[in-house]
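input19.cif (mmCIF, C-alpha atoms) appears below.
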```cif
data_entry
loop_
_atom_site.label_atom_id
_atom_site.label_comp_id
_atom_site.auth_asym_id
_atom_site.auth_seq_id
_atom_site.Cartn_x
_atom_site.Cartn_y
_atom_site.Cartn_z
CA MET N 218 29.38 2.04 16.37
CA ARG N 219 31.11 5.34 17.09
CA TRP N 220 29.40 7.57 19.67
CA ASN N 221 29.65 11.11 18.36
CA SER N 222 28.89 13.11 21.51
CA VAL N 223 29.53 16.54 19.94
CA GLY N 224 27.14 15.72 17.09
CA TRP N 225 24.42 14.63 19.50
CA LEU N 226 25.02 17.77 21.57
CA PHE N 227 24.38 19.95 18.52
CA LEU N 228 21.32 17.90 17.61
CA ALA N 229 19.89 17.93 21.13
CA PRO N 230 17.99 21.29 20.97
CA THR N 231 16.32 20.33 17.69
CA LEU N 232 15.44 16.86 18.94
CA LEU N 233 14.08 18.30 22.18
CA ILE N 234 11.89 20.84 20.36
CA LEU N 235 10.73 18.18 17.91
CA PHE N 236 9.86 15.88 20.79
CA VAL N 237 8.02 18.51 22.85
CA PHE N 238 6.12 20.18 20.00
CA GLY N 239 5.84 17.24 17.57
CA VAL N 240 5.88 13.86 19.26
CA VAL N 241 4.14 14.75 22.56
CA PRO N 242 1.11 16.48 20.92
CA PHE N 243 0.80 13.59 18.48
CA LEU N 244 0.80 11.05 21.30
CA TYR N 245 -1.71 13.20 23.21
CA VAL N 246 -4.07 13.29 20.19
CA LEU N 247 -3.54 9.55 19.72
CA VAL N 248 -4.64 8.89 23.31
CA ILE N 249 -7.62 11.29 23.10
CA GLY N 250 -8.69 9.64 19.82
CA PHE N 251 -9.50 6.52 21.81
CA THR N 252 -11.54 8.34 24.46
CA GLN N 253 -14.97 9.87 24.89
CA TRP N 254 -14.36 13.44 25.99
CA ASN N 255 -16.93 16.16 25.53
CA SER N 256 -17.18 19.18 27.86
CA PHE N 257 -20.92 19.47 27.29
CA ALA N 258 -21.77 15.77 27.63
CA ALA N 259 -23.61 14.32 30.65
CA ASN N 260 -20.25 13.03 31.83
CA PRO N 261 -17.63 15.62 30.78
CA ASP N 262 -14.66 13.53 32.02
CA MET N 263 -12.33 11.71 29.67
CA GLN N 264 -13.33 8.04 29.38
CA PHE N 265 -11.66 5.27 27.43
CA ALA N 266 -13.91 4.33 24.49
CA GLY N 267 -11.76 1.90 22.48
CA VAL N 268 -12.28 2.21 18.73
CA GLU N 269 -15.77 3.71 19.14
CA ASN N 270 -14.77 7.09 17.65
CA PHE N 271 -13.31 5.37 14.59
CA ARG N 272 -16.40 3.16 14.22
CA ARG N 273 -18.57 6.29 14.32
CA LEU N 274 -16.26 8.00 11.86
CA VAL N 275 -16.46 5.41 9.05
CA PHE N 276 -20.27 5.82 9.04
CA ASP N 277 -20.27 9.62 9.39
CA ASP N 278 -21.54 10.99 6.07
CA GLN N 279 -20.55 14.56 6.93
CA PHE N 280 -16.98 13.52 7.64
CA LEU N 281 -16.76 11.37 4.50
CA TYR N 282 -18.22 14.21 2.41
CA SER N 283 -15.67 16.64 3.87
CA LEU N 284 -12.92 14.16 3.11
CA TRP N 285 -14.10 13.79 -0.49
CA LEU N 286 -14.31 17.58 -0.89
CA THR N 287 -10.80 17.99 0.52
CA LEU N 288 -9.36 15.39 -1.86
CA LYS N 289 -11.12 17.09 -4.79
CA PHE N 290 -9.82 20.47 -3.64
CA ALA N 291 -6.27 19.15 -3.21
CA PHE N 292 -6.33 17.49 -6.64
CA PHE N 293 -7.52 20.57 -8.55
CA ALA N 294 -5.33 22.99 -6.57
CA VAL N 295 -2.10 20.98 -6.71
CA VAL N 296 -2.39 19.99 -10.39
CA SER N 297 -3.18 23.60 -11.39
CA GLU N 298 -0.31 24.94 -9.30
CA ILE N 299 2.22 22.49 -10.72
CA VAL N 300 1.21 23.10 -14.36
CA LEU N 301 0.98 26.88 -13.97
CA GLY N 302 4.14 27.00 -11.84
CA TYR N 303 6.07 25.03 -14.47
CA PHE N 304 5.04 27.38 -17.29
CA LEU N 305 5.87 30.45 -15.20
CA ALA N 306 9.25 28.95 -14.26
CA GLN N 307 9.95 28.37 -17.97
CA LEU N 308 8.91 31.96 -18.63
CA PHE N 309 11.33 33.25 -15.99
CA MET N 310 14.15 31.24 -17.59
CA ARG N 311 13.92 33.63 -20.58
CA ASP N 312 14.78 37.29 -20.70
CA PHE N 313 12.01 39.78 -21.37
CA PRO N 314 11.44 43.47 -20.54
CA GLY N 315 10.19 44.02 -16.97
CA LYS N 316 11.12 40.49 -15.88
CA GLY N 317 12.39 41.61 -12.45
CA LEU N 318 9.25 43.62 -11.71
CA PHE N 319 6.97 40.82 -12.90
CA ARG N 320 8.84 38.26 -10.80
CA THR N 321 8.55 40.47 -7.69
CA ILE N 322 4.82 41.06 -8.18
CA HIS N 323 4.29 37.39 -8.92
CA THR N 324 6.01 36.40 -5.66
CA LEU N 325 4.07 38.85 -3.46
CA PRO N 326 1.11 36.52 -2.61
CA LEU N 327 3.58 34.21 -0.85
CA VAL N 328 4.30 36.75 1.88
CA ILE N 329 0.63 37.41 2.66
CA ALA N 330 -0.85 35.61 5.67
CA PRO N 331 -3.54 33.07 4.68
CA ILE N 332 -6.19 34.85 6.75
CA ALA N 333 -5.43 38.11 4.86
CA VAL N 334 -5.62 36.21 1.55
CA GLY N 335 -9.06 34.94 2.56
CA ALA N 336 -10.17 38.44 3.55
CA THR N 337 -8.90 39.89 0.26
CA TRP N 338 -10.72 37.30 -1.81
CA ARG N 339 -13.81 37.79 0.31
CA LEU N 340 -13.79 41.49 -0.53
CA LEU N 341 -13.20 40.65 -4.21
CA THR N 342 -16.05 38.17 -4.46
CA VAL N 343 -18.72 39.20 -1.96
CA PRO N 344 -21.99 39.80 -3.84
CA GLY N 345 -23.13 43.42 -3.94
CA LEU N 346 -19.71 44.78 -2.95
CA GLY N 347 -16.90 42.88 -4.71
CA PRO N 348 -15.72 43.92 -8.17
CA LEU N 349 -15.61 40.33 -9.50
CA PRO N 350 -19.39 39.61 -9.34
CA TYR N 351 -20.13 43.15 -10.50
CA TYR N 352 -17.98 43.06 -13.66
CA LEU N 353 -18.79 39.45 -14.52
CA ASN N 354 -22.44 40.43 -14.46
CA ARG N 355 -21.99 43.70 -16.30
CA TRP N 356 -19.70 42.45 -19.07
CA PHE N 357 -20.85 38.86 -19.55
CA GLY N 358 -24.25 38.74 -17.87
CA TYR N 359 -22.86 35.99 -15.61
CA GLU N 360 -24.31 35.67 -12.13
CA PHE N 361 -21.38 35.08 -9.80
CA ASN N 362 -22.45 34.45 -6.24
CA ILE N 363 -20.30 32.23 -4.01
CA SER N 364 -22.82 32.47 -1.20
CA ARG N 365 -25.40 30.77 -3.39
CA TYR N 366 -23.79 28.45 -5.97
CA ILE N 367 -21.74 25.56 -4.61
CA ASP N 368 -19.59 25.01 -7.72
CA GLN N 369 -18.64 28.67 -7.83
CA ALA N 370 -17.74 28.61 -4.14
CA PHE N 371 -15.65 25.46 -4.57
CA PHE N 372 -13.73 26.71 -7.60
CA THR N 373 -13.20 30.13 -6.03
CA THR N 374 -11.44 28.44 -3.11
CA VAL N 375 -9.31 26.49 -5.61
CA VAL N 376 -8.43 29.65 -7.57
CA MET N 377 -7.59 31.45 -4.33
CA ASP N 378 -5.24 28.64 -3.31
CA VAL N 379 -3.67 28.61 -6.77
CA TRP N 380 -3.19 32.38 -6.62
CA HIS N 381 -1.59 32.13 -3.18
CA TRP N 382 0.72 29.17 -3.68
CA THR N 383 1.69 29.02 -7.38
CA PRO N 384 4.65 31.38 -6.71
CA LEU N 385 6.12 28.78 -4.35
CA VAL N 386 5.92 26.13 -7.07
CA THR N 387 7.38 28.56 -9.61
CA LEU N 388 10.34 29.39 -7.37
CA THR N 389 11.03 25.72 -6.61
CA LEU N 390 10.85 24.67 -10.26
CA LEU N 391 12.82 27.74 -11.34
CA ALA N 392 15.64 26.73 -8.99
CA ALA N 393 15.48 23.17 -10.34
CA LEU N 394 15.42 24.32 -13.99
CA SER N 395 18.37 26.65 -13.39
CA SER N 396 20.45 23.81 -12.00
CA LEU N 397 19.82 21.37 -14.88
CA PRO N 398 22.92 20.40 -16.91
CA LYS N 399 23.04 21.77 -20.47
CA GLU N 400 24.67 18.73 -22.13
CA PRO N 401 21.61 16.42 -22.39
CA PHE N 402 19.59 19.21 -24.03
CA GLU N 403 22.37 19.97 -26.53
CA GLN N 404 22.77 16.29 -27.36
CA ALA N 405 19.02 15.92 -27.87
CA GLN N 406 18.96 18.93 -30.20
CA ILE N 407 21.85 17.48 -32.22
CA ASP N 408 19.95 14.17 -32.43
CA GLY N 409 16.97 16.05 -33.89
CA ALA N 410 14.55 15.71 -30.94
CA ASN N 411 11.58 18.06 -31.06
CA ARG N 412 10.51 20.28 -28.13
CA PHE N 413 7.95 17.81 -26.80
CA GLN N 414 10.43 14.92 -26.92
CA ILE N 415 13.01 17.03 -25.07
CA PHE N 416 10.41 17.95 -22.45
CA TRP N 417 9.11 14.40 -22.02
CA HIS N 418 12.40 12.46 -22.10
CA ILE N 419 14.84 14.94 -20.57
CA THR N 420 13.30 17.89 -18.72
CA LEU N 421 10.57 15.98 -16.92
CA PRO N 422 12.77 13.08 -15.65
CA LEU N 423 15.44 15.54 -14.49
CA LEU N 424 12.83 17.70 -12.76
CA LYS N 425 11.10 14.73 -11.15
CA PRO N 426 12.67 15.06 -7.65
CA ALA N 427 11.82 18.78 -7.50
CA ILE N 428 8.28 18.23 -8.79
CA LEU N 429 7.73 15.40 -6.35
CA ALA N 430 8.99 17.42 -3.38
CA THR N 431 6.73 20.31 -4.41
CA VAL N 432 3.73 18.02 -4.83
CA PHE N 433 4.36 16.58 -1.34
CA ILE N 434 4.55 20.03 0.25
CA ARG N 435 1.55 21.41 -1.60
CA MET N 436 -0.56 18.29 -1.10
CA MET N 437 0.04 18.29 2.65
CA ASP N 438 -0.80 22.02 2.77
CA ALA N 439 -3.93 21.61 0.64
CA LEU N 440 -5.19 18.77 2.84
CA ARG N 441 -4.97 20.92 5.98
CA THR N 442 -6.24 24.18 4.57
CA VAL N 443 -8.50 26.01 7.03
CA ASP N 444 -8.00 29.73 7.50
CA GLU N 445 -8.26 30.97 3.90
CA VAL N 446 -11.42 29.02 3.23
CA TRP N 447 -12.92 29.85 6.61
CA MET N 448 -12.43 33.54 5.85
CA LEU N 449 -13.73 33.32 2.27
CA THR N 450 -16.77 31.07 2.51
CA GLY N 451 -16.98 29.91 6.14
CA GLY N 452 -17.37 26.39 4.72
CA GLY N 453 -20.52 27.28 2.81
CA PRO N 454 -22.86 27.55 1.07
CA GLY N 455 -24.23 24.70 3.18
CA ALA N 456 -21.27 22.38 3.49
CA ALA N 457 -19.98 22.91 -0.07
CA THR N 458 -16.51 24.08 1.00
CA ARG N 459 -16.37 22.54 4.45
CA TYR N 460 -12.99 20.90 3.99
CA ILE N 461 -11.70 18.44 6.52
CA GLY N 462 -9.77 21.03 8.55
CA LEU N 463 -12.88 23.17 8.92
CA HIS N 464 -14.97 20.13 9.78
CA ILE N 465 -12.52 19.05 12.50
CA TRP N 466 -12.45 22.60 13.85
CA ARG N 467 -16.27 22.60 14.08
CA VAL N 468 -16.28 19.28 15.93
CA VAL N 469 -13.44 20.13 18.32
CA PHE N 470 -14.22 23.78 19.22
CA PRO N 471 -17.91 24.71 18.88
CA LYS N 472 -19.10 21.16 19.66
CA THR N 473 -16.20 20.41 22.09
CA ASP N 474 -16.17 16.75 21.03
CA TYR N 475 -12.45 16.33 21.62
CA GLY N 476 -12.33 12.54 21.32
CA TYR N 477 -14.13 12.38 17.99
CA GLY N 478 -12.21 15.40 16.62
CA SER N 479 -8.93 13.73 17.55
CA ALA N 480 -9.98 10.54 15.77
CA MET N 481 -10.77 12.61 12.66
CA SER N 482 -7.37 14.32 12.89
CA LEU N 483 -5.62 10.98 13.14
CA ILE N 484 -7.43 9.58 10.10
CA THR N 485 -6.63 12.74 8.13
CA LEU N 486 -2.97 12.41 9.10
CA TYR N 487 -3.08 8.73 8.13
CA LEU N 488 -4.55 9.52 4.70
CA THR N 489 -1.96 12.24 4.09
CA ILE N 490 0.85 9.83 4.93
CA VAL N 491 -0.66 7.08 2.76
CA MET N 492 -1.08 9.39 -0.24
CA CYS N 493 2.44 10.80 0.03
CA TRP N 494 3.91 7.34 0.45
CA MET N 495 1.95 5.92 -2.50
CA LEU N 496 3.06 8.83 -4.64
CA TYR N 497 6.65 8.21 -3.63
CA ALA N 498 6.44 4.44 -4.09
CA GLY N 499 4.65 4.76 -7.42
CA LEU N 500 6.79 7.45 -8.97
CA VAL N 501 10.25 7.06 -7.45
CA ALA N 502 10.89 3.72 -5.83
CA ARG N 503 9.29 1.65 -8.60
CA ARG N 504 11.09 3.42 -11.43
CA ASP N 505 14.44 3.20 -9.61
CA LEU N 506 13.84 -0.51 -9.25
CA LYS N 507 13.17 -0.90 -12.99
CA ARG N 508 16.38 0.98 -13.72
CA ALA N 509 18.30 -1.34 -11.38
CA ASP N 510 16.91 -4.36 -13.26
CA MET I 309 35.61 -3.03 20.31
CA ALA I 310 34.10 0.12 18.87
CA GLU I 311 33.82 0.30 15.09
CA ASP I 312 34.46 3.48 13.13
CA THR I 313 32.06 2.68 10.32
CA GLU I 314 28.28 3.01 10.52
CA GLN I 315 26.11 0.02 9.71
CA PRO I 316 24.53 0.34 6.24
CA VAL I 317 20.75 0.20 5.82
CA VAL I 318 19.95 -3.22 4.33
CA GLU I 319 17.49 -2.98 1.45
CA ARG I 320 16.10 -6.01 -0.28
CA ARG I 321 13.43 -7.06 -2.74
CA GLY I 322 10.73 -9.47 -1.57
CA PHE I 323 7.21 -9.91 -2.91
CA LEU I 324 6.50 -6.18 -2.59
CA PRO I 325 6.99 -4.29 -5.87
CA ILE I 326 9.64 -1.97 -4.38
CA GLU I 327 12.95 -2.38 -2.61
CA THR I 328 12.41 -2.03 1.13
CA ASN I 329 14.37 -1.92 4.37
CA ALA I 330 13.06 -3.12 7.73
CA PHE I 331 11.54 0.26 8.60
CA ASP I 332 9.68 0.40 5.24
CA ARG I 333 8.17 -3.02 5.84
CA VAL I 334 7.04 -2.19 9.39
CA PHE I 335 5.61 1.10 8.05
CA ILE I 336 3.65 -0.70 5.30
CA ALA I 337 2.41 -3.25 7.85
CA VAL I 338 1.13 -0.46 10.15
CA LEU I 339 -0.60 1.31 7.25
CA LEU I 340 -2.30 -1.93 6.24
CA PHE I 341 -3.24 -2.63 9.86
CA VAL I 342 -5.15 0.67 10.06
CA ALA I 343 -6.66 0.37 6.56
CA LEU I 344 -7.92 -3.16 7.21
CA HIS I 345 -9.52 -2.13 10.51
CA LEU I 346 -11.30 0.86 8.97
CA PHE I 347 -12.51 -1.29 6.07
CA TRP I 348 -13.67 -3.98 8.50
CA MET I 349 -15.60 -1.55 10.69
CA ARG I 350 -17.40 -0.10 7.70
CA LEU I 351 -18.22 -3.28 5.75
CA VAL I 352 -17.55 -6.54 7.57
CA GLU I 353 -18.07 -5.97 11.31
CA SER I 354 -21.79 -6.73 11.11
CA VAL I 355 -20.83 -10.29 10.07
CA LEU I 356 -17.45 -10.89 11.72
CA PRO I 357 -16.06 -9.18 14.88
CA LEU I 358 -13.21 -6.69 14.69
CA GLY I 359 -10.88 -9.12 16.48
CA VAL I 360 -10.70 -11.16 13.27
CA ALA I 361 -9.35 -8.09 11.45
CA THR I 362 -6.74 -7.63 14.18
CA VAL I 363 -5.56 -11.23 13.88
CA LEU I 364 -5.55 -11.06 10.07
CA SER I 365 -3.63 -7.80 9.97
CA LEU I 366 -1.08 -9.06 12.49
CA ILE I 367 -0.49 -12.17 10.34
CA LEU I 368 -0.31 -10.00 7.21
CA GLY I 369 2.07 -7.62 8.98
CA ALA I 370 4.33 -10.47 10.06
CA ILE I 371 4.43 -11.82 6.49
CA ILE I 372 5.27 -8.36 5.09
CA VAL I 373 8.03 -7.79 7.64
CA ALA I 374 9.50 -11.26 7.05
CA ARG I 375 9.08 -11.70 3.30
CA GLY I 376 8.14 -8.29 1.86
#
```
Representation of the structure as C-alpha cells:
Amino acid sequence: MRWNSVGWLFLAPTLLILFVFGVVPFLYVLVIGFTQWNSFAANPDMQFAGVENFRRLVFDDQFLYSLWLTLKFAFFAVVSEIVLGYFLAQLFMRDFPGKGLFRTIHTLPLVIAPIAVGATWRLLTVPGLGPLPYYLNRWFGYEFNISRYIDQAFFTTVVMDVWHWTPLVTLTLLAALSSLPKEPFEQAQIDGANRFQIFWHITLPLLKPAILATVFIRMMDALRTVDEVWMLTGGGPGAATRYIGLHIWRVVFPKTDYGYGSAMSLITLYLTIVMCWMLYAGLVARRDLKRAD
Amino acid sequence: MAEDTEQPVVERRGFLPIETNAFDRVFIAVLLFVALHLFWMRLVESVLPLGVATVLSLILGAIIVARG
C-alpha cells in the first residue's frame, strides 16, 4: 500500500483535534460510566462499579420516561420538519412576488442561538404576559398554559423546534430539488403520469439521499436537545418535558452523580447510533440490495 | 514491494439481510452485545446471571462476524 505522507500531513491537524476533543472525552465518559463517582456521597472518590450503573438504569422509571418523551419529541419534530420543509422547498422552486424577502425571513430562525429561541418562546407563551395565551383565550376562549397542561407544554416544545429547524430542512431539500435532472420528469409527463405518481416514483426516490441525511442530522439534534427546552419549560410541568438531555444534566450537575450520568449518556449515544443505523439499513442498504438482485 | 493501488473494501452477503463488510459485522455484533446485556439485566438476570448473556453475545458476535 502506498504511504502518502503529504496527505497524512494535511490530515494530521484534523485527526489530532478529533482525537483530543472527540475520542478522548468519549473514552473518559466510557470509563466513568463504569464507576461510582459522586462528590456528595459518603466516599466521593471514583470507584470501579462494574455494570452497576447500567443495572440501575434499566430499572430507573424516570430515565425510561425521559427516554420515551425524547423519542416522542424527536418523532413529532423530525416528521413535521421534513414534511413542512419539503412543501416549503417546493414553494421556493416556483417564482412568486416577494420570494426573496420571504426566503430571508424564513431562514432567520436558523441564525438564532437555541437559548435565545427558548427565551423568545418563553416570552410568547408565558401565562399572564405572553401574547399567545392572551389571544387564544380572547379569540377562541382556549386556556393555553404551558406551566399547567402537560400536552400543551410538550407540543409547544415540538412547535418551537419545528419553527427553529424547518429552515435547515427547507434549504437542504431545496438544494437537492434544484439539482434533480429534468429528463425523468419530462418522460413521466409524456407517459401520462399524474402529480402523485411523479412524486412517489421519481421525486421521492431521487430525493432519498438528501432526505435521509437531513433526517439523520435532525434526529441526532432532536435527541440531544437541552437548552431551548430548558429555557422554555425547565423540563416541566412536573417532568412532562424533561427530555433525556435535561435529565442527564440534572443527574450530572445538581446531583453530581457523574458515574450514573455518564452511563445515561452512553446509553443515549448507543440508542442514537442504533436508530440511525437501522434507518440507514432499512431504507438504503436493503433497497440497494434488492436492486442488485 | 509497495503497491500503488489501495485494497478494496470486501462486501458480501451472508445471513444478514444487507450486504456487509467486516467493519459492519463487528459493528452489528457490538450493538447486539450491548442490547442483549441491557435486556438481560432488565428481564432475565433474576433467573440467570449476566455472565450467560456475555457468553451468548460473544458466540452470537462470532457467528455474525464469520457468517453474517
### Task
Please work out which residues fall within 12 Å of (-10.4, 18.0, -3.7), coordinates as given in the file, with all atoms listed in the file counting, and return them as a PyMOL selection string.
chain N and resi 282-297+371-372+374-375+378+436+439-442+457-461
### Task
Run through the PyMOL selection byres ((chain I and resi 325-339) around 8) on the given coordinates and return the selected residues as a list in words.
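When the PyMOL selection byres ((chain I and resi 325-339) around 8) is applied, the selected residues are Tyr487, Val491, Ala498, Ala502, Arg503 and Leu506 of chain N; Val317, Val318, Glu319, Arg320, Arg321, Gly322, Phe323, Leu324, Leu340, Phe341, Val342, Ala343, Ser365, Leu368, Gly369, Ala370, Ile372, Val373 and Gly376 of chain I.
Note that atom CA of N:Asp474 and atom CA of N:Leu244 are 17.9 Å apart.
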### Task
Determine the residue set returned by the PyMOL selection byres ((chain I and resi 345-347) around 8) for the present structure, and present it as a count of residues only.
15
### Message
Just the number, please: distance in Å from atom CA of N:Gly455 to atom CA of N:Tyr366, one decimal.
### Response
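Between atom CA of N:Gly455 and atom CA of N:Tyr366 the gap is 9.9 Å.
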#### Entry: All residues 7 Å or closer to N:Ser479, all atoms listed in the file, same chain fewer than 2 positions away omitted, as an NGL selection string
:N and (246 or 249-250 or 475-477 or 481-483)
### Task
Would you translate the PyMOL selection byres ((chain N and resi 299) around 9) into the concrete set of residues it matches in this file, as a ChimeraX atom specification?
/N:294-298,300-304,383,386-387,390,428,431-432
